[in-house]
Amino acid sequence: MNNFEIHQPTSYQEVPWRNGRGKTLVLLSEPIPGSEAFAWRLSIASVASDGPFSRFDDCDRTLVLLEGKGMTLSHGNGQVDELRTRFAVARFPGDIDTVATLHGGPIRDFNVMCHRYHCSSKVTVLGDDGSNRLDVKCDLLLAYAVEGPVRALPPPGPSVRIDYHELLQCNEPTHGRWKFSGGPVIVIQIHNSPAH
């Protein structure tokens with residue numbers, strides 16, 4: 001039986017970047033027991049100028065471009081990510097040097113971070129290109145309505161509605177093919193096991 005919880009935008013918390021160059025809106029995070037660090041965190045950030053990203057030791061990041069003309073991410077390991085279209089995705093380690101170069105003005109991005117020794121994630125954007133079905137097999141399902149409303153329908157039903165900027169949380173979701181109507185929606189599958 002799916003256990004749904006809807007997180008409202010009023011519950012999100014704005015926090016300063018670790019490097020002091022901006023602010024991040026934290027939607028939800030899960031702490032590591034007995035630690036101040038998080039196992040995973042979902043957030044939205046605005047990037048207004050070129051410069052370095054904050055470092056997050058032992059974390060893997062997935063970044064989705066939400067608004068703006070895009071940016072280039074240059075990483076200390078030689079990887080380069082070009083985000084030029086809405087919902088372009090970059091995946092990179094959070095504990096290497098990363099520098100952002102904007103393509104023409106500020107951008108907003110959606111961030112998923114997982115502590116690689118505690119969990120891993122799979123991030124999918126649905127609805128922008130007509131896709132609306134997703135194979136779900138995870139310990140925790142999260143879905144963010146970029147533009148609402150969205151309806152999430154697990155294999156046995158019933159569906160649940162996610163309004164504009166709300167975040168759906170489903171612990172131990174039913175495995176199988178889910179349908180998401182409306183959108184676009186960012187779906188995050190969290191696995192309670194280290195990244196491979």
# chains A, B, ... in the order shown; residues from 1 in each chain; ligands from 1
$ closest_atom_pairs --of "segment 63-85 of chain A" --to "segment 28-44 of chain A" --cutoff "12 Å" --atoms "only C-alpha atoms" --output "CSV"
residue,atom,partner,partner_atom,distance
A:Leu63,CA,A:Ile44,CA,9.4
A:Val64,CA,A:Ile44,CA,9.4
A:Leu65,CA,A:Ile44,CA,9.8
A:Leu66,CA,A:Ile44,CA,9.0
A:Glu67,CA,A:Ile44,CA,10.9
$ write_last_selection --atoms "C-alpha atoms" --output "PDB file, in the first residue's frame"
ATOM      1  CA  LEU A  63      21.435  18.886 -11.576  1.00  0.00           C
ATOM      2  CA  VAL A  64      18.451  19.739 -13.798  1.00  0.00           C
ATOM      3  CA  LEU A  65      18.193  23.109 -15.578  1.00  0.00           C
ATOM      4  CA  LEU A  66      14.819  24.706 -14.798  1.00  0.00           C
ATOM      5  CA  GLU A  67      15.052  28.252 -16.185  1.00  0.00           C
TER       6      GLU A  67
END
$ residues_around --residues "Val89 of chain A" --least-positions-apart "3" --cutoff "10 Å" --atoms "only C-alpha atoms" --output "PyMOL selection string"
chain A and resi 62-66+81-86+109-111+123-125
$ write_last_selection --atoms "N, CA and C atoms" --output "mmCIF file, in the first residue's frame"
data_model
loop_
_atom_site.group_PDB
_atom_site.id
_atom_site.type_symbol
_atom_site.label_atom_id
_atom_site.label_comp_id
_atom_site.auth_asym_id
_atom_site.auth_seq_id
_atom_site.Cartn_x
_atom_site.Cartn_y
_atom_site.Cartn_z
ATOM 1 N N THR A 62 23.015 15.355 -9.005
ATOM 2 C CA THR A 62 22.299 15.421 -10.276
ATOM 3 C C THR A 62 21.657 16.787 -10.351
ATOM 4 N N LEU A 63 21.928 17.519 -11.420
ATOM 5 C CA LEU A 63 21.435 18.886 -11.576
ATOM 6 C C LEU A 63 20.579 18.968 -12.826
ATOM 7 N N VAL A 64 19.388 19.585 -12.685
ATOM 8 C CA VAL A 64 18.451 19.739 -13.798
ATOM 9 C C VAL A 64 18.216 21.226 -14.032
ATOM 10 N N LEU A 65 18.422 21.705 -15.252
ATOM 11 C CA LEU A 65 18.193 23.109 -15.578
ATOM 12 C C LEU A 65 16.696 23.391 -15.646
ATOM 13 N N LEU A 66 16.238 24.357 -14.840
ATOM 14 C CA LEU A 66 14.819 24.706 -14.798
ATOM 15 C C LEU A 66 14.498 25.942 -15.632
ATOM 16 N N ASP A 81 30.062 19.594 -18.594
ATOM 17 C CA ASP A 81 28.633 19.430 -18.858
ATOM 18 C C ASP A 81 28.083 20.720 -19.469
ATOM 19 N N GLU A 82 27.451 20.591 -20.632
ATOM 20 C CA GLU A 82 26.815 21.726 -21.301
ATOM 21 C C GLU A 82 25.306 21.611 -21.110
ATOM 22 N N LEU A 83 24.733 22.538 -20.358
ATOM 23 C CA LEU A 83 23.287 22.560 -20.147
ATOM 24 C C LEU A 83 22.715 23.722 -20.943
ATOM 25 N N ARG A 84 22.133 23.421 -22.098
ATOM 26 C CA ARG A 84 21.698 24.471 -23.020
ATOM 27 C C ARG A 84 20.186 24.510 -23.221
ATOM 28 N N THR A 85 19.480 23.490 -22.780
ATOM 29 C CA THR A 85 18.033 23.447 -22.957
ATOM 30 C C THR A 85 17.352 23.165 -21.620
ATOM 31 N N ARG A 86 16.110 23.584 -21.515
ATOM 32 C CA ARG A 86 15.355 23.330 -20.292
ATOM 33 C C ARG A 86 15.300 21.833 -20.008
ATOM 34 N N ASP A 109 18.194 26.027 -11.081
ATOM 35 C CA ASP A 109 18.365 24.593 -11.279
ATOM 36 C C ASP A 109 17.817 23.807 -10.096
ATOM 37 N N PHE A 110 17.503 22.551 -10.377
ATOM 38 C CA PHE A 110 16.993 21.596 -9.391
ATOM 39 C C PHE A 110 18.127 20.639 -9.074
ATOM 40 N N ASN A 111 18.395 20.446 -7.780
ATOM 41 C CA ASN A 111 19.532 19.644 -7.356
ATOM 42 C C ASN A 111 19.094 18.432 -6.534
ATOM 43 N N VAL A 123 17.204 10.125 -11.406
ATOM 44 C CA VAL A 123 16.382 11.314 -11.626
ATOM 45 C C VAL A 123 15.867 11.312 -13.057
ATOM 46 N N THR A 124 14.548 11.491 -13.215
ATOM 47 C CA THR A 124 13.906 11.468 -14.533
ATOM 48 C C THR A 124 12.955 12.647 -14.644
ATOM 49 N N VAL A 125 12.968 13.324 -15.793
ATOM 50 C CA VAL A 125 12.003 14.390 -16.070
ATOM 51 C C VAL A 125 10.948 13.834 -17.022
#
$ residues_around --residues "Gly104 of chain A" --least-positions-apart "3" --cutoff "9 Å" --atoms "only C-alpha atoms" --output "VMD selection string"
chain A and resid 68 to 71 107
$ write_last_selection --atoms "C-alpha atoms" --output "PDB file, in the first residue's frame"
ATOM      1  CA  GLY A  68      17.453  30.432 -18.136  1.00  0.00           C
ATOM      2  CA  LYS A  69      19.728  30.159 -21.152  1.00  0.00           C
ATOM      3  CA  GLY A  70      21.909  27.534 -19.540  1.00  0.00           C
ATOM      4  CA  MET A  71      25.462  27.131 -18.301  1.00  0.00           C
ATOM      5  CA  ILE A 107      19.547  30.394 -14.288  1.00  0.00           C
TER       6      ILE A 107
END
$ atom_distance --atom1 "atom CA of Gly157 of chain A" --atom2 "atom CA of Glu5 of chain A"
15.3 Å
$ select_by_dssp --residues "segment 3-150 of chain A" --states "strand (DSSP E)" --output "mmCIF file with N, CA and C atoms, in the first residue's frame"
data_model
loop_
_atom_site.group_PDB
_atom_site.id
_atom_site.type_symbol
_atom_site.label_atom_id
_atom_site.label_comp_id
_atom_site.auth_asym_id
_atom_site.auth_seq_id
_atom_site.Cartn_x
_atom_site.Cartn_y
_atom_site.Cartn_z
ATOM 1 N N ASN A 3 2.122 4.904 0.599
ATOM 2 C CA ASN A 3 1.934 5.885 1.660
ATOM 3 C C ASN A 3 2.387 7.242 1.137
ATOM 4 N N PHE A 4 1.421 8.089 0.765
ATOM 5 C CA PHE A 4 1.731 9.367 0.141
ATOM 6 C C PHE A 4 1.765 10.492 1.168
ATOM 7 N N GLU A 5 2.709 11.405 0.980
ATOM 8 C CA GLU A 5 2.766 12.640 1.754
ATOM 9 C C GLU A 5 3.099 13.783 0.796
ATOM 10 N N ILE A 6 2.363 14.891 0.918
ATOM 11 C CA ILE A 6 2.587 16.057 0.065
ATOM 12 C C ILE A 6 3.277 17.144 0.885
ATOM 13 N N HIS A 7 4.424 17.610 0.399
ATOM 14 C CA HIS A 7 5.139 18.708 1.056
ATOM 15 C C HIS A 7 4.820 20.007 0.326
ATOM 16 N N GLN A 13 12.884 25.504 2.967
ATOM 17 C CA GLN A 13 13.735 26.404 3.748
ATOM 18 C C GLN A 13 14.891 26.937 2.915
ATOM 19 N N GLU A 14 15.080 28.244 2.974
ATOM 20 C CA GLU A 14 16.183 28.877 2.260
ATOM 21 C C GLU A 14 17.437 28.874 3.130
ATOM 22 N N VAL A 15 18.537 28.415 2.566
ATOM 23 C CA VAL A 15 19.806 28.352 3.299
ATOM 24 C C VAL A 15 20.904 28.960 2.430
ATOM 25 N N PRO A 16 21.944 29.541 3.037
ATOM 26 C CA PRO A 16 23.050 30.105 2.260
ATOM 27 C C PRO A 16 23.933 29.013 1.685
ATOM 28 N N LYS A 23 22.116 31.547 -2.451
ATOM 29 C CA LYS A 23 21.203 30.866 -1.543
ATOM 30 C C LYS A 23 20.535 29.700 -2.262
ATOM 31 N N THR A 24 20.156 28.712 -1.499
ATOM 32 C CA THR A 24 19.494 27.509 -2.002
ATOM 33 C C THR A 24 18.188 27.304 -1.249
ATOM 34 N N LEU A 25 17.153 26.907 -1.968
ATOM 35 C CA LEU A 25 15.876 26.565 -1.350
ATOM 36 C C LEU A 25 15.844 25.055 -1.159
ATOM 37 N N VAL A 26 15.922 24.605 0.089
ATOM 38 C CA VAL A 26 15.910 23.172 0.384
ATOM 39 C C VAL A 26 14.466 22.701 0.476
ATOM 40 N N LEU A 27 14.098 21.768 -0.394
ATOM 41 C CA LEU A 27 12.744 21.230 -0.387
ATOM 42 C C LEU A 27 12.592 20.160 0.689
ATOM 43 N N LEU A 28 13.563 19.256 0.748
ATOM 44 C CA LEU A 28 13.470 18.147 1.692
ATOM 45 C C LEU A 28 14.836 17.479 1.789
ATOM 46 N N SER A 29 15.153 16.961 2.966
ATOM 47 C CA SER A 29 16.399 16.225 3.134
ATOM 48 C C SER A 29 16.204 15.163 4.201
ATOM 49 N N GLU A 30 17.085 14.168 4.162
ATOM 50 C CA GLU A 30 17.053 13.074 5.126
ATOM 51 C C GLU A 30 18.400 13.027 5.823
ATOM 52 N N PRO A 31 18.448 13.256 7.139
ATOM 53 C CA PRO A 31 19.730 13.245 7.824
ATOM 54 C C PRO A 31 20.282 11.838 7.988
ATOM 55 N N PHE A 38 23.588 15.057 5.550
ATOM 56 C CA PHE A 38 22.371 14.456 4.995
ATOM 57 C C PHE A 38 22.722 13.204 4.199
ATOM 58 N N ALA A 39 21.766 12.258 4.195
ATOM 59 C CA ALA A 39 21.886 11.095 3.314
ATOM 60 C C ALA A 39 21.508 11.487 1.886
ATOM 61 N N TRP A 40 20.439 12.302 1.776
ATOM 62 C CA TRP A 40 20.042 12.868 0.485
ATOM 63 C C TRP A 40 19.378 14.214 0.711
ATOM 64 N N ARG A 41 19.403 15.057 -0.340
ATOM 65 C CA ARG A 41 18.795 16.390 -0.244
ATOM 66 C C ARG A 41 18.286 16.822 -1.605
ATOM 67 N N LEU A 42 17.098 17.437 -1.609
ATOM 68 C CA LEU A 42 16.514 18.030 -2.810
ATOM 69 C C LEU A 42 16.466 19.536 -2.609
ATOM 70 N N SER A 43 16.890 20.290 -3.625
ATOM 71 C CA SER A 43 16.915 21.742 -3.480
ATOM 72 C C SER A 43 16.801 22.418 -4.838
ATOM 73 N N ILE A 44 16.517 23.720 -4.795
ATOM 74 C CA ILE A 44 16.480 24.561 -5.995
ATOM 75 C C ILE A 44 17.368 25.767 -5.737
ATOM 76 N N ALA A 45 18.227 26.083 -6.704
ATOM 77 C CA ALA A 45 19.157 27.192 -6.533
ATOM 78 C C ALA A 45 19.092 28.129 -7.731
ATOM 79 N N SER A 46 19.354 29.404 -7.473
ATOM 80 C CA SER A 46 19.525 30.400 -8.532
ATOM 81 C C SER A 46 21.011 30.711 -8.655
ATOM 82 N N VAL A 47 21.497 30.690 -9.877
ATOM 83 C CA VAL A 47 22.896 31.038 -10.141
ATOM 84 C C VAL A 47 22.896 32.317 -10.955
ATOM 85 N N GLY A 51 31.135 31.264 -11.504
ATOM 86 C CA GLY A 51 31.905 31.030 -10.297
ATOM 87 C C GLY A 51 31.862 29.588 -9.855
ATOM 88 N N PRO A 52 32.563 29.282 -8.762
ATOM 89 C CA PRO A 52 32.654 27.902 -8.280
ATOM 90 C C PRO A 52 31.395 27.452 -7.558
ATOM 91 N N CYS A 59 29.480 13.089 -1.777
ATOM 92 C CA CYS A 59 28.139 13.188 -2.362
ATOM 93 C C CYS A 59 28.204 13.138 -3.886
ATOM 94 N N ASP A 60 27.184 12.537 -4.483
ATOM 95 C CA ASP A 60 26.990 12.565 -5.926
ATOM 96 C C ASP A 60 25.805 13.476 -6.230
ATOM 97 N N ARG A 61 25.956 14.307 -7.277
ATOM 98 C CA ARG A 61 24.946 15.320 -7.583
ATOM 99 C C ARG A 61 24.299 15.059 -8.936
ATOM 100 N N THR A 62 23.015 15.355 -9.005
ATOM 101 C CA THR A 62 22.299 15.421 -10.276
ATOM 102 C C THR A 62 21.657 16.787 -10.351
ATOM 103 N N LEU A 63 21.928 17.519 -11.420
ATOM 104 C CA LEU A 63 21.435 18.886 -11.576
ATOM 105 C C LEU A 63 20.579 18.968 -12.826
ATOM 106 N N VAL A 64 19.388 19.585 -12.685
ATOM 107 C CA VAL A 64 18.451 19.739 -13.798
ATOM 108 C C VAL A 64 18.216 21.226 -14.032
ATOM 109 N N LEU A 65 18.422 21.705 -15.252
ATOM 110 C CA LEU A 65 18.193 23.109 -15.578
ATOM 111 C C LEU A 65 16.696 23.391 -15.646
ATOM 112 N N LEU A 66 16.238 24.357 -14.840
ATOM 113 C CA LEU A 66 14.819 24.706 -14.798
ATOM 114 C C LEU A 66 14.498 25.942 -15.632
ATOM 115 N N GLU A 67 15.320 26.977 -15.507
ATOM 116 C CA GLU A 67 15.052 28.252 -16.185
ATOM 117 C C GLU A 67 16.365 28.873 -16.629
ATOM 118 N N MET A 71 24.120 26.908 -18.811
ATOM 119 C CA MET A 71 25.462 27.131 -18.301
ATOM 120 C C MET A 71 26.332 25.935 -18.653
ATOM 121 N N THR A 72 27.639 26.184 -18.567
ATOM 122 C CA THR A 72 28.621 25.124 -18.722
ATOM 123 C C THR A 72 29.234 24.840 -17.363
ATOM 124 N N LEU A 73 29.313 23.567 -17.005
ATOM 125 C CA LEU A 73 29.950 23.151 -15.764
ATOM 126 C C LEU A 73 31.275 22.477 -16.103
ATOM 127 N N SER A 74 32.362 23.037 -15.582
ATOM 128 C CA SER A 74 33.692 22.470 -15.796
ATOM 129 C C SER A 74 34.170 21.865 -14.488
ATOM 130 N N HIS A 75 34.490 20.577 -14.524
ATOM 131 C CA HIS A 75 34.815 19.847 -13.307
ATOM 132 C C HIS A 75 36.306 19.542 -13.224
ATOM 133 N N VAL A 80 33.100 17.906 -18.560
ATOM 134 C CA VAL A 80 32.435 19.168 -18.891
ATOM 135 C C VAL A 80 30.985 18.875 -19.233
ATOM 136 N N ASP A 81 30.062 19.594 -18.594
ATOM 137 C CA ASP A 81 28.633 19.430 -18.858
ATOM 138 C C ASP A 81 28.083 20.720 -19.469
ATOM 139 N N GLU A 82 27.451 20.591 -20.632
ATOM 140 C CA GLU A 82 26.815 21.726 -21.301
ATOM 141 C C GLU A 82 25.306 21.611 -21.110
ATOM 142 N N LEU A 83 24.733 22.538 -20.358
ATOM 143 C CA LEU A 83 23.287 22.560 -20.147
ATOM 144 C C LEU A 83 22.715 23.722 -20.943
ATOM 145 N N VAL A 89 20.302 17.720 -18.090
ATOM 146 C CA VAL A 89 20.732 17.089 -16.832
ATOM 147 C C VAL A 89 22.248 16.935 -16.806
ATOM 148 N N ALA A 90 22.839 17.205 -15.652
ATOM 149 C CA ALA A 90 24.269 16.942 -15.423
ATOM 150 C C ALA A 90 24.403 16.087 -14.174
ATOM 151 N N ARG A 91 25.291 15.096 -14.238
ATOM 152 C CA ARG A 91 25.574 14.236 -13.086
ATOM 153 C C ARG A 91 27.074 14.281 -12.813
ATOM 154 N N PHE A 92 27.438 14.578 -11.567
ATOM 155 C CA PHE A 92 28.859 14.739 -11.260
ATOM 156 C C PHE A 92 29.105 14.590 -9.765
ATOM 157 N N PRO A 93 30.345 14.254 -9.375
ATOM 158 C CA PRO A 93 30.671 14.165 -7.950
ATOM 159 C C PRO A 93 30.634 15.547 -7.297
ATOM 160 N N THR A 98 34.113 22.348 -9.138
ATOM 161 C CA THR A 98 33.195 22.576 -10.253
ATOM 162 C C THR A 98 32.975 24.071 -10.412
ATOM 163 N N VAL A 99 33.145 24.563 -11.639
ATOM 164 C CA VAL A 99 32.986 25.984 -11.923
ATOM 165 C C VAL A 99 31.892 26.150 -12.977
ATOM 166 N N ALA A 100 30.955 27.078 -12.721
ATOM 167 C CA ALA A 100 29.853 27.346 -13.641
ATOM 168 C C ALA A 100 30.151 28.586 -14.480
ATOM 169 N N THR A 101 29.869 28.492 -15.784
ATOM 170 C CA THR A 101 29.948 29.635 -16.689
ATOM 171 C C THR A 101 28.582 29.800 -17.343
ATOM 172 N N LEU A 102 27.919 30.911 -17.058
ATOM 173 C CA LEU A 102 26.567 31.137 -17.573
ATOM 174 C C LEU A 102 26.594 31.465 -19.058
ATOM 175 N N ILE A 107 20.297 31.637 -14.064
ATOM 176 C CA ILE A 107 19.547 30.394 -14.288
ATOM 177 C C ILE A 107 19.014 29.907 -12.943
ATOM 178 N N ARG A 108 18.071 28.977 -12.991
ATOM 179 C CA ARG A 108 17.619 28.250 -11.808
ATOM 180 C C ARG A 108 17.767 26.770 -12.093
ATOM 181 N N ASP A 109 18.194 26.027 -11.081
ATOM 182 C CA ASP A 109 18.365 24.593 -11.279
ATOM 183 C C ASP A 109 17.817 23.807 -10.096
ATOM 184 N N PHE A 110 17.503 22.551 -10.377
ATOM 185 C CA PHE A 110 16.993 21.596 -9.391
ATOM 186 C C PHE A 110 18.127 20.639 -9.074
ATOM 187 N N ASN A 111 18.395 20.446 -7.780
ATOM 188 C CA ASN A 111 19.532 19.644 -7.356
ATOM 189 C C ASN A 111 19.094 18.432 -6.534
ATOM 190 N N VAL A 112 19.665 17.290 -6.856
ATOM 191 C CA VAL A 112 19.517 16.093 -6.028
ATOM 192 C C VAL A 112 20.919 15.673 -5.602
ATOM 193 N N MET A 113 21.132 15.550 -4.299
ATOM 194 C CA MET A 113 22.423 15.113 -3.793
ATOM 195 C C MET A 113 22.244 13.894 -2.905
ATOM 196 N N CYS A 114 23.092 12.895 -3.122
ATOM 197 C CA CYS A 114 23.065 11.677 -2.320
ATOM 198 C C CYS A 114 24.452 11.400 -1.758
ATOM 199 N N HIS A 115 24.506 11.074 -0.470
ATOM 200 C CA HIS A 115 25.757 10.638 0.138
ATOM 201 C C HIS A 115 26.032 9.227 -0.368
ATOM 202 N N SER A 120 21.718 6.074 -3.220
ATOM 203 C CA SER A 120 21.929 6.510 -4.593
ATOM 204 C C SER A 120 20.590 6.932 -5.175
ATOM 205 N N SER A 121 20.621 7.635 -6.296
ATOM 206 C CA SER A 121 19.369 8.159 -6.860
ATOM 207 C C SER A 121 19.335 7.990 -8.371
ATOM 208 N N LYS A 122 18.113 7.987 -8.897
ATOM 209 C CA LYS A 122 17.863 8.043 -10.332
ATOM 210 C C LYS A 122 16.860 9.163 -10.561
ATOM 211 N N VAL A 123 17.204 10.125 -11.406
ATOM 212 C CA VAL A 123 16.382 11.314 -11.626
ATOM 213 C C VAL A 123 15.867 11.312 -13.057
ATOM 214 N N THR A 124 14.548 11.491 -13.215
ATOM 215 C CA THR A 124 13.906 11.468 -14.533
ATOM 216 C C THR A 124 12.955 12.647 -14.644
ATOM 217 N N VAL A 125 12.968 13.324 -15.793
ATOM 218 C CA VAL A 125 12.003 14.390 -16.070
ATOM 219 C C VAL A 125 10.948 13.834 -17.022
ATOM 220 N N LEU A 126 9.684 13.952 -16.633
ATOM 221 C CA LEU A 126 8.577 13.423 -17.434
ATOM 222 C C LEU A 126 7.613 14.536 -17.825
ATOM 223 N N ARG A 133 5.175 7.782 -18.510
ATOM 224 C CA ARG A 133 5.235 6.507 -17.802
ATOM 225 C C ARG A 133 6.660 6.221 -17.352
ATOM 226 N N LEU A 134 6.766 5.594 -16.190
ATOM 227 C CA LEU A 134 8.085 5.362 -15.615
ATOM 228 C C LEU A 134 8.086 4.056 -14.843
ATOM 229 N N ASP A 135 9.110 3.242 -15.080
ATOM 230 C CA ASP A 135 9.281 2.026 -14.300
ATOM 231 C C ASP A 135 9.887 2.391 -12.945
ATOM 232 N N VAL A 136 9.167 2.082 -11.889
ATOM 233 C CA VAL A 136 9.573 2.445 -10.533
ATOM 234 C C VAL A 136 10.032 1.199 -9.789
ATOM 235 N N LEU A 140 12.344 4.776 -2.019
ATOM 236 C CA LEU A 140 11.652 6.043 -1.776
ATOM 237 C C LEU A 140 11.446 6.740 -3.109
ATOM 238 N N LEU A 141 10.211 7.208 -3.337
ATOM 239 C CA LEU A 141 9.888 7.928 -4.559
ATOM 240 C C LEU A 141 9.528 9.358 -4.201
ATOM 241 N N LEU A 142 10.116 10.315 -4.924
ATOM 242 C CA LEU A 142 9.821 11.733 -4.743
ATOM 243 C C LEU A 142 9.481 12.317 -6.107
ATOM 244 N N ALA A 143 8.488 13.196 -6.158
ATOM 245 C CA ALA A 143 8.089 13.794 -7.432
ATOM 246 C C ALA A 143 7.771 15.269 -7.219
ATOM 247 N N TYR A 144 8.423 16.137 -7.993
ATOM 248 C CA TYR A 144 8.267 17.582 -7.864
ATOM 249 C C TYR A 144 7.529 18.118 -9.083
ATOM 250 N N ALA A 145 6.406 18.797 -8.840
ATOM 251 C CA ALA A 145 5.602 19.359 -9.923
ATOM 252 C C ALA A 145 6.188 20.705 -10.341
ATOM 253 N N VAL A 150 -0.177 17.810 -11.388
ATOM 254 C CA VAL A 150 0.271 16.512 -11.897
ATOM 255 C C VAL A 150 -0.485 15.438 -11.129
#
$ closest_residue --among "A:Arg116, A:Phe180, A:Arg21, A:Gly105" --to "Pro194 of chain A" --atoms "only C-alpha atoms"
A:Arg116
$ atom_distance --atom1 "atom CA of Cys138 of chain A" --atom2 "atom CA of Leu167 of chain A"
17.0 Å
$ atom_distance --atom1 "atom CA of Thr174 of chain A" --atom2 "atom CA of Gly127 of chain A"
20.8 Å
